[in-house]
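Visitor: Pasting a structure here, questions to come.
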Amino acid sequence: MPSTLNSDVVIVGTGVVGCLIAEQALDAGLSVLMLEAGPRVSRDTIVENYRNLPPTLRNHWNAPYPPKPWAPHLETRTPTEAASYLDLTGPNAKAYEQGYVRYAGGATWHWAGICWRMTPDDLRLKSLYGVGRDWAFSYDVLEPYYARAEYAMGVCGPGDPALQWPPRTARSRPYPMGPIPFGPGEQRLTDVAATLGMQNLPAPQARNSGVSFDGRPPCCGNNNCFPVCPIAAKYDAATALPRIEAKGGRIITNAVAYRVETNAQKKVEAVHYYDPNRASHAVSGKIFVLACNGIETPKLLLLSTDDKNPRGVANSSDQVGRNMMDQPKLIADIEMSEPLWTGVGPVQSSSIMNTSQGDFRREYAGAMFRMENMARSTLGGLAALEKGLYGKALDQEIRRLSACTARLTVEHEPLPLPFNRLTLSDKKDWLGLNRPRIYYDVGDYVRRSAENYTVPLLKKLATALGATDIKISPEFLHSDHIMGGTIMGNDPSDSVVDADCRAHDHDNLFLPGGAAMTTGGSGNSTITMAALALKAADAIVGQLNHA
Amino acid sequence: MLRVTQTRQAFRLSFLAALAGPILLCSPASAEDGSNTDPGTYIAVTSDCVACHTAPGGKPFAGGLAMKTPLGTMYSTNITPSKTYGIGEYSEADFSRAVRKGIRKDGSNLYPAMPYTAYSYMTDQDIHDLYLYFMKSVQPVESTPPKTALPFPMNIRSSMMFWNILFRNDTTYQPDPSRSAEWNRGAYLAQGPAHCGTCHTPRGFLMQEEASKALGGGSLGSWYAPNITSDKISGIGNWSQDEIKTYLKSGHIDGLAQAAGGMGEAVEHSFQHLTEADLNALAIYLASTQPVRDPADGNLSRFALGQPVSSADRVRGNQPIRSEDNPDISGAELFMGNCASCHNYQAQGSHDGYYPSLWHNSVTGASNPDNLIATILFGVDRHVAGAQAFMPGFGGKKTDAVQLNDEEIAKLTKYVFDTYGRRQVSVSPAQVATIRHGGSKSPLLVLSRIGMAGGAILIALGCFWFLRTFRK
Amino acid sequence: MTSIYTTFKINRRGLLLGMSALATAASFVQSRGAAASAEQAHEPDGVLRFMLVSKLLVPHNLDPFVGHKIYNALSDAEEGFDNTVTALQDFIMKNAVVDVEHLMPALTDVALKNSALKIISAWYSGVVHGKSGDRVVAFEEALMFKVTNDVMTIPSYAKSAPNAWNATAVPLLNMPSF
């Protein structure tokens, strides 16, 4: 079937990774075509969706993004919905209920904007601690890309090196903007944590601090980073879409990629997609980028199984879909006698990172601790009403519950474990495509950490905050940082992509983003995904310019 | 993109440093109020040369700013002391002739986009100081900006000679002895260096300022420079002198008005740096100007219209959760989704006044919707006293994160006027399109072409008649 | 008795004014608002009684638009909601109840008490649990946000000028008036 669509660079996915690469390629004079499985919806529609939700759904990050039938994503409001797309199994299935968004702009629509870089040690787990894997390169190689990513997205952060992360490493450039001020809750946490040797740092965050950036306004504390920043003060990839189009990029929405086609020379020839009428189309190009997130990318490669690629595209190593990672999370809902007052400023604005590093990582996982900074007025309101209160007592109880409760979380660094595996489910989606089936077990490394290290520390922290009641989640939860499914490495026999996120098996196929991450670290994955995207973009531009 | 921001900030700093020279650097406190600035720097700031003669991100005074005028796009020139590309070869007399008469050293005419009709009021001393400033304090820039190429017949610069005969003022400011020294200083600043009338006085058919409606409000590309006469309905006759001063200094008075577009730039580059005495003088003068009443205003001042009304009441609870945009979206929904997150759901603004209320606001109280449309399209970006007042544009640039189309902006504008400001102001998508593309074009261009074609036909007919007669 | 009677009279007058404003305003509210104003023509007393009862159950400033939406939603959700409101009103008048703190312990009828709690819940949470799921009647005006509005914003609305917030903890006892 002749292709009607053609472009130098074909990018599947319009999230942060796809958009960063699209802009780099366009700036280098290449033509770019992007495919997005879901719809393109305006910010005002999503903001109003959020406000029109009943209060119990307003802290469900996917609720303002109802999926199209052809581009389902996880909905967990009811058990039926939770079982309706991701086919999850294994001892920690709940820890892989990943809430990504299949809309133009992707999951950055509802990310917190937190941009912790990985540390030099995070990239050398095998040689330092004998666990996991080493990355294909050292921190020095990644650092300039981190800096570029911070400028591409507009990341604010402290200028004081003592408050920067990773510690004692040189930054090639300062943060483009200064830090966002703390609200009362974060300040209190910082002071209390310090007494336990835990350093609560102002988080680097892709949020405009005090000034505009890229034509987007500064944050004015709307406290709604998830599920949607109503004013685009937080970077999300949807803000890049008009710029990509202004530079000549083409974006086709409601186009569900379902097959990657290779030729006899092991080059990718085309990507095939379905439109909402189930009609198939093909797109040809010189370079193909799959940036559909850590679940959809391996799924698409496995869906593309054919004679030439019996285990799926890019899968001679049998590593596609293995090593699925996320930071297994535990939460502690606490109640205190004194007000803490979270909810002033962004929904997340600081974290304790020094708990993620140390020699103990030979035995168990490091972890990041933080406090949610969501306004707790809705939770307080609903809980007080639940008690059947009225009059002054009702007002006082709402105020007390809003001020004197908090949620602490701890997110553990995962190891790449080959048995944590994404395969094709027998269950099909609306288009008849196999749904992703994922087996997930957080592993002993994380369980030991929780048992010996993080849960005791979490209780200590809660007690130091004056907690009179501590409820810790009975099982591990997801952090929505999907990593590992097309793991990066120097050895083509046990990894899927090389140091530039290029498939070992197909030199014109790039699989950048979270799936390429070799280890996960304890921090949020997006800034590393963005750095890898820019590194891949350089390789793509170099490759096409040499061709 | 950050580079742009940084460069702009760097530019602002270097601009202030360049303007201020060693004096401001020695006593930064005086940067607040130009009382210790040297006279050349001060008159340059007052005259706001930099506003037009510097391109975004460009070097100070190197020109190249594109100005969309009803007659076509003009580019400002390099007025650094570069001998090749700037005004380095100008004598003080040459300089004076250019600034006050609109005639370049080579004898050709400037277009009156350069406000020489206003600068013609400037005193010899100020011109002298300004000349020394350009020659000694401004760094020469060895580059030439794009050339202005207006369409025929406006490209014939000598046509300006006739325009000058009709409209140029030829004497410096003559003080009115019946008025106070302060009033005279204010009048001098307003009519001369600060050139208020260049934007605020409506233009006549030949693009001249209409003296009878001085400061009565005029269109300026996408924006509208409103009536600032002392009229109590149409102008600023109800403002106190303190309010006028505060506005010039900050560009923001809660519950009254905010400066954007050209006025935002004027506050940023010029007014915030003026001395207390000069701001007072301007306020005194502006309170005394000849009132000009716009009949369209009826008996309603643009500053006191509207009230808080909950837009949330109009939309909440009757909308589904959508996976695509509503093609029939209402003005109220557009307001809630795009504006209310900062201006709040009753349009009351933020409690600290950073985000202004949209009622009791000159933009929504105006009879002319241009400024509300332009603000929605292009936003606000005003830097005053080291702080930024910012609102994003909603589609005026193709790169804006949120893109509203002409129809949506028309609906939104109409809704905001009807709900929070002056009722019954008409707004059409076509108007939005015009403002998006830089404002309405002057009929002068077409008419002059028709006129010239008509003239040519007359001459041809004349020749024909003459030849026929002669042959007979 | 006298005092509560006076209070009600004032409230009633205020509400009547409010309702006439409502009727005017309803003309430019969208379909639901228009329908509501039509309904109101048939049963003005129903909404009015609901607002009067609400005023005692929820001693704060109550938005008549929101009240109208709550009334409609509860009328759909509960059989004979008008009778419930009338019963509540009768009980209040008969027993000369002065505030909700005295009313609730005195309400021995469990069904009536639950209805009263539902009304309170709707005003605070902005949602009514109906037969066909949750019906959102308010977000911005939900009273649960007012209780902490000196510290935190209604999510999605600006707190202040950029970076203008700080870490000062406000005392719990400083209850905002609303």
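Order determines the names: the first chain of the structure tokens is A, the second B, and so forth; residues in each chain are numbered 1 upward, and ligands are numbered 1 upward as they are shown.
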Would you kindly report the residues of chain A within 8 Å of chain C, using only C-alpha atoms, as a PyMOL selection string?
Guide: chain A and resi 47+51-55+180-187+209-211+218-224+229-230+339-341+343-345+375+377-378+381-382+385+388+390-391+395-396+398-400+402-403
Visitor: Do me a favour and pick out the residues of chain A within 6 Å of chain B, using only C-alpha atoms, as a PDB file with C-alpha atoms, in the first residue's frame.
Guide:
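Output file out_19.pdb follows:
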```
ATOM      1  CA  VAL A  41      -8.436  19.165  23.813  1.00  0.00           C
ATOM      2  CA  ASP A  44     -10.131  25.629  29.076  1.00  0.00           C
ATOM      3  CA  VAL A  47     -10.045  23.113  33.432  1.00  0.00           C
ATOM      4  CA  GLU A  48     -13.816  23.255  33.299  1.00  0.00           C
ATOM      5  CA  ASN A  49     -14.003  19.442  33.247  1.00  0.00           C
ATOM      6  CA  PRO A  66     -12.161  11.075  29.584  1.00  0.00           C
ATOM      7  CA  ASP A 214       8.322  31.144  26.841  1.00  0.00           C
ATOM      8  CA  ARG A 216       3.674  31.344  29.635  1.00  0.00           C
ATOM      9  CA  PRO A 217       2.692  33.158  32.838  1.00  0.00           C
ATOM     10  CA  THR A 239       1.996  24.144  25.467  1.00  0.00           C
ATOM     11  CA  PRO A 242       1.264  25.466  18.804  1.00  0.00           C
ATOM     12  CA  ARG A 243       4.988  26.202  18.642  1.00  0.00           C
ATOM     13  CA  ALA A 246       4.238  27.378  13.933  1.00  0.00           C
TER      14      ALA A 246
END
```
Visitor: Taking the DSSP assignment computed from this structure's backbone, write out as a ChimeraX atom specification all residues of segment 65-192 of chain B that belong to helix (DSSP H, G or I).
Guide: /B:92-101,116-119,124-137,159-167,181-191
Visitor: Looking at only C-alpha atoms, which of C:Ser54, C:Asn72, C:Asn95, C:Ser177 is the one that sits closest to chain B?
Guide: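 With only C-alpha atoms as the atom set, the closest residue is C:Asn72.
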Visitor: How far is it from atom CA of Asp106 of chain B to atom CA of Tyr131 of chain B, in Å with one decimal?
Guide: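 Taking atom CA of Asp106 of chain B and atom CA of Tyr131 of chain B, their separation equals 17.8 Å.
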Visitor: Just asking: which residues within segment 198-411 of chain A are strand (DSSP E or B) according to DSSP, as a VMD selection string?
Guide: chain A and resid 200 to 202 205 207 213 216 234 250 to 252 256 to 262 268 to 274 280 to 290 325 329 to 336 350 to 352 367 to 371 405 to 411
Visitor: Nearest to chain B: which of C:Val110, C:Met93, C:Val66, C:Leu103 is it, counting only C-alpha atoms?
Guide: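 That would be C:Val66, the residue with the smallest distance to chain B.
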Visitor: Which residue is closest to Ala95 of chain A? Choose from A:Val12, A:Ala314, A:Leu125, A:Met324 and count only C-alpha atoms.
Guide: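 Checking each of A:Val12, A:Ala314, A:Leu125, A:Met324 against Ala95 of chain A, counting only C-alpha atoms, the winner is A:Met324.
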Visitor: Expressed in Å to a single decimal, how great is the separation between atom CA of Gly88 of chain B and atom CA of Phe134 of chain B?
Guide: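 Atom-to-atom, atom CA of Gly88 of chain B and atom CA of Phe134 of chain B are spaced 8.9 Å apart.
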Visitor: Could you name the residues that touch segment 429-431 of chain A at 7 Å or less, counting only C-alpha atoms, but leaving out those on the same chain fewer than 5 positions away, as an NGL selection string?
Guide: :A and (69-70 or 278)
Visitor: Might you pull out every residue within 10 Å of Asp121 of chain A, with only C-alpha atoms counted and same-chain residues fewer than 4 positions away left off, and present them as a compact mmCIF listing (two decimals) with N, CA and C atoms, in the first residue's frame?
Guide:
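The new file selection-v5.txt reads:
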```txt
# COMPACT_ATOMS: atom_id res chain seq x y z
N LEU A 125 24.71 1.70 39.76
CA LEU A 125 24.28 0.82 40.85
C LEU A 125 25.07 -0.50 40.87
N LYS A 126 25.34 -1.05 39.69
CA LYS A 126 26.00 -2.35 39.61
C LYS A 126 27.43 -2.25 40.14
N SER A 127 28.19 -1.26 39.61
CA SER A 127 29.59 -1.21 40.03
C SER A 127 29.74 -0.72 41.46
N LEU A 128 28.85 0.14 41.93
CA LEU A 128 28.99 0.65 43.30
C LEU A 128 28.43 -0.32 44.33
N TYR A 129 27.25 -0.87 44.04
CA TYR A 129 26.55 -1.64 45.07
C TYR A 129 26.24 -3.07 44.66
N ASP A 134 24.42 -0.86 35.43
CA ASP A 134 25.05 0.44 35.20
C ASP A 134 24.48 1.03 33.92
N SER A 138 28.15 7.94 31.96
CA SER A 138 28.22 8.50 33.31
C SER A 138 27.43 9.81 33.38
N TYR A 139 27.30 10.30 34.58
CA TYR A 139 26.55 11.53 34.82
C TYR A 139 27.08 12.70 33.98
N PRO A 166 21.81 16.85 42.14
CA PRO A 166 22.56 16.09 43.14
C PRO A 166 23.60 16.95 43.87
N GLN A 357 20.35 8.12 48.92
CA GLN A 357 21.73 7.77 48.60
C GLN A 357 22.40 7.09 49.80
N GLY A 358 23.37 6.25 49.54
CA GLY A 358 24.16 5.67 50.64
C GLY A 358 24.54 4.23 50.39
N GLY A 521 16.20 5.37 39.90
CA GLY A 521 16.45 6.35 40.95
C GLY A 521 15.20 6.53 41.80
```
Visitor: Which residue gives the smallest distance to Val47 of chain C among C:Phe178, C:Ala106, C:Asp63, C:Asp82, with only C-alpha atoms counted?
Guide: C:Asp82
Visitor: Extract, using only C-alpha atoms, all DNA, RNA and protein residues at most 8 Å from Arg49 of chain C, discarding same-chain residues fewer than 4 positions from it, and format them as a count of residues only.
Guide: 5
Visitor: Work out how far atom CA of Lys131 of chain C is from atom CA of Ala73 of chain C, in Å to one decimal.
Guide: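 Atom-to-atom, atom CA of Ala73 of chain C to atom CA of Lys131 of chain C, that is 10.0 Å.
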Visitor: Of the candidates C:Leu88, C:Trp123, C:Lys69, C:Lys94, which one gets nearest to chain B if we count only C-alpha atoms?
Guide: C:Lys69
Visitor: Which polymer residues have any atom within 6 Å of an atom of segment 280-292 of chain B, counting only C-alpha atoms, with same-chain residues fewer than 3 positions away left out, as a compact mmCIF listing (two decimals) with N, CA, C and O atoms, in the first residue's frame?
Guide:
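And here is the file that came out, selection_6.txt:
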```
# COMPACT_ATOMS: atom_id res chain seq x y z
N GLU B 182 4.72 75.04 37.08
CA GLU B 182 4.49 73.60 37.06
C GLU B 182 3.61 73.20 35.87
O GLU B 182 3.90 72.26 35.15
N TRP B 183 2.52 73.96 35.70
CA TRP B 183 1.62 73.67 34.58
C TRP B 183 2.38 73.75 33.26
O TRP B 183 2.25 72.88 32.40
N ARG B 185 5.53 73.38 32.75
CA ARG B 185 6.47 72.25 32.63
C ARG B 185 5.69 71.01 32.16
O ARG B 185 6.12 70.28 31.27
N GLY B 186 4.54 70.80 32.76
CA GLY B 186 3.72 69.66 32.38
C GLY B 186 3.28 69.76 30.92
O GLY B 186 3.34 68.77 30.18
N ALA B 187 2.85 70.92 30.52
CA ALA B 187 2.41 71.11 29.14
C ALA B 187 3.57 70.88 28.17
O ALA B 187 3.41 70.24 27.12
N GLY B 216 -7.94 63.18 22.66
CA GLY B 216 -9.29 62.63 22.71
C GLY B 216 -9.37 61.14 22.40
O GLY B 216 -10.45 60.58 22.36
N THR B 229 -8.22 63.35 28.03
CA THR B 229 -8.53 64.76 28.31
C THR B 229 -9.18 64.84 29.69
O THR B 229 -9.47 63.82 30.32
N SER B 230 -9.45 66.07 30.10
CA SER B 230 -10.01 66.27 31.44
C SER B 230 -11.52 66.05 31.47
O SER B 230 -12.16 66.34 32.46
N ASP B 231 -12.06 65.52 30.38
CA ASP B 231 -13.52 65.29 30.38
C ASP B 231 -13.90 64.27 31.45
O ASP B 231 -13.26 63.23 31.59
N GLN B 241 -4.90 63.93 41.01
CA GLN B 241 -3.53 64.10 40.51
C GLN B 241 -2.65 62.95 40.98
O GLN B 241 -1.77 62.49 40.26
N ILE B 244 -3.15 60.02 38.71
CA ILE B 244 -2.44 60.18 37.43
C ILE B 244 -0.96 59.86 37.62
O ILE B 244 -0.35 59.12 36.84
N ALA B 277 8.75 65.63 40.57
CA ALA B 277 8.32 66.96 40.14
C ALA B 277 7.72 66.92 38.74
O ALA B 277 6.69 67.55 38.47
```
Visitor: For a quick check of understanding, using only C-alpha atoms, which of C:Glu141, C:Asp109, C:Asp90, C:Glu78 has the smallest distance to chain B?
Guide: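 So, comparing all the options, the nearest one is C:Glu141.
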